[in-house]
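Data from target.pdb: PDB, N, CA and C atoms
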ATOM      1  N   MET A   1     114.181  67.037  70.226
ATOM      2  CA  MET A   1     113.522  66.275  69.193
ATOM      3  C   MET A   1     113.551  67.082  67.907
ATOM      4  N   SER A   2     114.017  66.474  66.851
ATOM      5  CA  SER A   2     114.123  67.160  65.568
ATOM      6  C   SER A   2     112.886  66.916  64.718
ATOM      7  N   THR A   3     112.633  67.852  63.820
ATOM      8  CA  THR A   3     111.544  67.705  62.870
ATOM      9  C   THR A   3     112.052  66.968  61.638
ATOM     10  N   ARG A   4     111.170  66.684  60.713
ATOM     11  CA  ARG A   4     111.564  65.948  59.497
ATOM     12  C   ARG A   4     112.646  66.661  58.701
ATOM     13  N   ASP A   5     112.628  67.995  58.734
ATOM     14  CA  ASP A   5     113.626  68.732  57.951
ATOM     15  C   ASP A   5     114.931  68.944  58.715
ATOM     16  N   GLY A   6     115.065  68.331  59.903
ATOM     17  CA  GLY A   6     116.310  68.406  60.658
ATOM     18  C   GLY A   6     116.412  69.583  61.616
ATOM     19  N   THR A   7     115.402  70.443  61.633
ATOM     20  CA  THR A   7     115.423  71.570  62.559
ATOM     21  C   THR A   7     114.831  71.150  63.898
ATOM     22  N   SER A   8     115.002  71.978  64.895
ATOM     23  CA  SER A   8     114.440  71.719  66.219
ATOM     24  C   SER A   8     113.581  72.889  66.646
ATOM     25  N   ASN A   9     112.567  72.612  67.436
ATOM     26  CA  ASN A   9     111.743  73.655  68.027
ATOM     27  C   ASN A   9     112.162  73.819  69.476
ATOM     28  N   LEU A  10     112.445  75.049  69.878
ATOM     29  CA  LEU A  10     112.901  75.326  71.234
ATOM     30  C   LEU A  10     111.960  76.294  71.912
ATOM     31  N   LEU A  11     111.802  76.118  73.195
ATOM     32  CA  LEU A  11     111.067  77.073  74.009
ATOM     33  C   LEU A  11     112.056  77.597  75.035
ATOM     34  N   LEU A  12     112.318  78.889  74.990
ATOM     35  CA  LEU A  12     113.306  79.493  75.872
ATOM     36  C   LEU A  12     112.661  80.558  76.733
ATOM     37  N   LEU A  13     113.154  80.686  77.941
ATOM     38  CA  LEU A  13     112.718  81.737  78.843
ATOM     39  C   LEU A  13     113.966  82.501  79.251
ATOM     40  N   GLY A  14     114.025  83.770  78.908
ATOM     41  CA  GLY A  14     115.216  84.565  79.175
ATOM     42  C   GLY A  14     115.264  85.083  80.598
ATOM     43  N   LEU A  15     115.965  84.396  81.467
ATOM     44  CA  LEU A  15     116.120  84.830  82.847
ATOM     45  C   LEU A  15     117.460  85.517  83.077
ATOM     46  N   LYS A  16     118.440  85.210  82.235
ATOM     47  CA  LYS A  16     119.782  85.759  82.382
ATOM     48  C   LYS A  16     120.473  85.703  81.032
ATOM     49  N   ARG A  17     121.366  86.640  80.811
ATOM     50  CA  ARG A  17     122.149  86.625  79.574
ATOM     51  C   ARG A  17     123.186  85.515  79.658
ATOM     52  N   ILE A  18     123.416  84.843  78.523
ATOM     53  CA  ILE A  18     124.379  83.744  78.479
ATOM     54  C   ILE A  18     125.222  83.828  77.212
ATOM     55  N   ARG A  19     126.334  83.120  77.238
ATOM     56  CA  ARG A  19     127.158  82.913  76.039
ATOM     57  C   ARG A  19     127.087  81.421  75.734
ATOM     58  N   TYR A  20     126.758  81.093  74.495
ATOM     59  CA  TYR A  20     126.680  79.695  74.067
ATOM     60  C   TYR A  20     128.093  79.163  73.886
ATOM     61  N   VAL A  21     128.392  78.015  74.512
ATOM     62  CA  VAL A  21     129.718  77.417  74.438
ATOM     63  C   VAL A  21     129.733  76.252  73.453
ATOM     64  N   GLY A  22     128.717  75.402  73.506
ATOM     65  CA  GLY A  22     128.660  74.263  72.598
ATOM     66  C   GLY A  22     127.797  73.155  73.165
ATOM     67  N   ALA A  23     127.656  72.111  72.387
ATOM     68  CA  ALA A  23     126.828  70.981  72.802
ATOM     69  C   ALA A  23     127.615  70.080  73.748
ATOM     70  N   ALA A  24     126.968  69.645  74.832
ATOM     71  CA  ALA A  24     127.596  68.730  75.787
ATOM     72  C   ALA A  24     127.299  67.285  75.407
ATOM     73  N   CYS A  25     126.065  67.015  74.993
ATOM     74  CA  CYS A  25     125.680  65.678  74.543
ATOM     75  C   CYS A  25     124.410  65.791  73.707
ATOM     76  N   TYR A  26     124.127  64.737  72.974
ATOM     77  CA  TYR A  26     122.967  64.737  72.086
ATOM     78  C   TYR A  26     121.923  63.690  72.462
ATOM     79  N   LYS A  27     122.291  62.689  73.219
ATOM     80  CA  LYS A  27     121.362  61.609  73.550
ATOM     81  C   LYS A  27     121.370  61.366  75.041
ATOM     82  N   PRO A  28     120.298  61.034  75.693
ATOM     83  CA  PRO A  28     118.967  60.876  75.128
ATOM     84  C   PRO A  28     118.322  62.218  74.786
ATOM     85  N   TYR A  29     118.830  63.311  75.361
ATOM     86  CA  TYR A  29     118.334  64.649  75.049
ATOM     87  C   TYR A  29     119.525  65.536  74.754
ATOM     88  N   ARG A  30     119.311  66.504  73.929
ATOM     89  CA  ARG A  30     120.382  67.450  73.622
ATOM     90  C   ARG A  30     120.596  68.372  74.822
ATOM     91  N   VAL A  31     121.847  68.490  75.249
ATOM     92  CA  VAL A  31     122.221  69.355  76.365
ATOM     93  C   VAL A  31     123.298  70.308  75.872
ATOM     94  N   GLU A  32     123.122  71.580  76.139
ATOM     95  CA  GLU A  32     124.059  72.600  75.682
ATOM     96  C   GLU A  32     124.842  73.185  76.851
ATOM     97  N   CYS A  33     126.058  73.611  76.589
ATOM     98  CA  CYS A  33     126.882  74.285  77.593
ATOM     99  C   CYS A  33     126.802  75.789  77.357
ATOM    100  N   VAL A  34     126.570  76.519  78.421
ATOM    101  CA  VAL A  34     126.496  77.974  78.350
ATOM    102  C   VAL A  34     127.262  78.570  79.522
ATOM    103  N   GLU A  35     127.654  79.832  79.383
ATOM    104  CA  GLU A  35     128.292  80.574  80.460
ATOM    105  C   GLU A  35     127.436  81.793  80.768
ATOM    106  N   PRO A  36     127.182  82.068  82.044
ATOM    107  CA  PRO A  36     126.400  83.267  82.375
ATOM    108  C   PRO A  36     127.196  84.532  82.079
ATOM    109  N   LEU A  37     126.509  85.574  81.652
ATOM    110  CA  LEU A  37     127.127  86.871  81.395
ATOM    111  C   LEU A  37     126.563  87.893  82.368
ATOM    112  N   ASP A  38     127.413  88.810  82.796
ATOM    113  CA  ASP A  38     126.940  89.894  83.650
ATOM    114  C   ASP A  38     126.097  90.851  82.833
ATOM    115  N   SER A  39     125.051  91.328  83.431
ATOM    116  CA  SER A  39     124.184  92.300  82.784
ATOM    117  C   SER A  39     124.556  93.687  83.275
ATOM    118  N   THR A  40     124.584  94.644  82.373
ATOM    119  CA  THR A  40     124.937  96.009  82.751
ATOM    120  C   THR A  40     123.768  96.722  83.401
ATOM    121  N   GLY A  41     122.569  96.202  83.211
ATOM    122  CA  GLY A  41     121.390  96.853  83.755
ATOM    123  C   GLY A  41     120.890  97.977  82.870
ATOM    124  N   GLU A  42     121.670  98.345  81.873
ATOM    125  CA  GLU A  42     121.273  99.392  80.941
ATOM    126  C   GLU A  42     120.699  98.751  79.687
ATOM    127  N   GLU A  43     119.747  99.420  79.086
ATOM    128  CA  GLU A  43     119.121  98.909  77.877
ATOM    129  C   GLU A  43     119.261  99.946  76.771
ATOM    130  N   ALA A  44     119.790  99.512  75.642
ATOM    131  CA  ALA A  44     119.920 100.410  74.497
ATOM    132  C   ALA A  44     118.535 100.738  73.954
ATOM    133  N   PRO A  45     118.331 101.942  73.436
ATOM    134  CA  PRO A  45     117.010 102.332  72.919
ATOM    135  C   PRO A  45     116.465 101.382  71.856
ATOM    136  N   GLU A  46     117.325 100.847  71.004
ATOM    137  CA  GLU A  46     116.842  99.949  69.955
ATOM    138  C   GLU A  46     116.307  98.646  70.537
ATOM    139  N   VAL A  47     116.831  98.212  71.675
ATOM    140  CA  VAL A  47     116.336  96.993  72.315
ATOM    141  C   VAL A  47     114.899  97.188  72.771
ATOM    142  N   SER A  48     114.618  98.317  73.362
ATOM    143  CA  SER A  48     113.261  98.612  73.818
ATOM    144  C   SER A  48     112.279  98.586  72.649
ATOM    145  N   GLY A  49     112.659  99.195  71.536
ATOM    146  CA  GLY A  49     111.803  99.209  70.353
ATOM    147  C   GLY A  49     111.581  97.823  69.779
ATOM    148  N   LEU A  50     112.638  97.022  69.725
ATOM    149  CA  LEU A  50     112.513  95.659  69.209
ATOM    150  C   LEU A  50     111.634  94.805  70.116
ATOM    151  N   ARG A  51     111.787  94.967  71.434
ATOM    152  CA  ARG A  51     110.956  94.216  72.372
ATOM    153  C   ARG A  51     109.487  94.580  72.190
ATOM    154  N   ASP A  52     109.199  95.865  72.077
ATOM    155  CA  ASP A  52     107.813  96.297  71.890
ATOM    156  C   ASP A  52     107.231  95.731  70.600
ATOM    157  N   ARG A  53     108.032  95.732  69.561
ATOM    158  CA  ARG A  53     107.585  95.188  68.268
ATOM    159  C   ARG A  53     107.308  93.689  68.378
ATOM    160  N   LEU A  54     108.196  92.976  69.064
ATOM    161  CA  LEU A  54     108.019  91.540  69.249
ATOM    162  C   LEU A  54     106.750  91.233  70.034
ATOM    163  N   LEU A  55     106.488  91.999  71.075
ATOM    164  CA  LEU A  55     105.300  91.759  71.892
ATOM    165  C   LEU A  55     104.013  91.963  71.110
ATOM    166  N   THR A  56     104.019  92.829  70.112
ATOM    167  CA  THR A  56     102.819  93.008  69.290
ATOM    168  C   THR A  56     102.598  91.816  68.360
ATOM    169  N   MET A  57     103.651  91.044  68.091
ATOM    170  CA  MET A  57     103.545  89.884  67.208
ATOM    171  C   MET A  57     103.032  88.645  67.934
ATOM    172  N   VAL A  58     103.184  88.611  69.228
ATOM    173  CA  VAL A  58     102.843  87.406  70.000
ATOM    174  C   VAL A  58     101.394  87.420  70.394
TER     175      VAL A  58
END

Could you write out this structure as structure tokens?
Amino acid sequence: MSTRDGTSNLLLLGLKRIRYVGAACYKPYRVECVEPLDSTGEEAPEVSGLRDRLLTMV
């Protein structure tokens, strides 16, 4: 569902890394195509810092 200014509000839960492929259909609901990505299991130091910063904002 789009807002008056044409943007959409999304609620996402990150369970797995994905690559966005494109839109599959728009009606009656927007459906997107994605491909799963393998996770290395390693986390870069900057990711940890960004996550901590984000959690303080929520």

Near region 18-20 of chain A, within 6 Å and counting all atoms listed in the file, which residues show up once chain neighbours fewer than 2 positions away are dropped, as a CSV table (one decimal) with N, CA and C atoms, in the coordinates of the input?
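The file below, part29.csv, is the result:
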chain,number,residue,atom,x,y,z
A,16,LYS,N,118.4,85.2,82.2
A,16,LYS,CA,119.8,85.8,82.4
A,16,LYS,C,120.5,85.7,81.0
A,22,GLY,N,128.7,75.4,73.5
A,22,GLY,CA,128.7,74.3,72.6
A,22,GLY,C,127.8,73.2,73.2
A,33,CYS,N,126.1,73.6,76.6
A,33,CYS,CA,126.9,74.3,77.6
A,33,CYS,C,126.8,75.8,77.4
A,34,VAL,N,126.6,76.5,78.4
A,34,VAL,CA,126.5,78.0,78.4
A,34,VAL,C,127.3,78.6,79.5
A,35,GLU,N,127.7,79.8,79.4
A,35,GLU,CA,128.3,80.6,80.5
A,35,GLU,C,127.4,81.8,80.8
A,36,PRO,N,127.2,82.1,82.0
A,36,PRO,CA,126.4,83.3,82.4
A,36,PRO,C,127.2,84.5,82.1
A,37,LEU,N,126.5,85.6,81.7
A,37,LEU,CA,127.1,86.9,81.4
A,37,LEU,C,126.6,87.9,82.4

Members of region 1-49 of chain A assigned strand (DSSP E or B) by DSSP, as a VMD selection string: chain A and resid 2 8 18 to 25 31 to 36

Option closest in space to Leu10 (chain A), from A:Thr56, A:Leu50, A:Arg30, A:Glu42 [counting only C-alpha atoms]: A:Arg30

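Atom C of Arg53 (chain A) sits 21.1 Å away from atom C of Arg17 (chain A).
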
For Glu32 (chain A): contacts at 7 Å, only N, CA and C atoms, fewer than 5 positions along chain excluded, given as an MDAnalysis selection string: chainID A and resid 21:25

d(atom C of Tyr26 (chain A), CA of Leu12 (chain A)) in Å: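 Value for the atom C of Tyr26 (chain A)-CA of Leu12 (chain A) distance: 18.3 Å.
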
Atom-to-atom span, atom C of Ser8 (chain A) and atom N of Ser39 (chain A), Å: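 A separation of 27.4 Å between them.
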
Which of region 7-48 of chain A fall in alpha helix (DSSP H), as a PyMOL selection string: chain A and resi 45-48
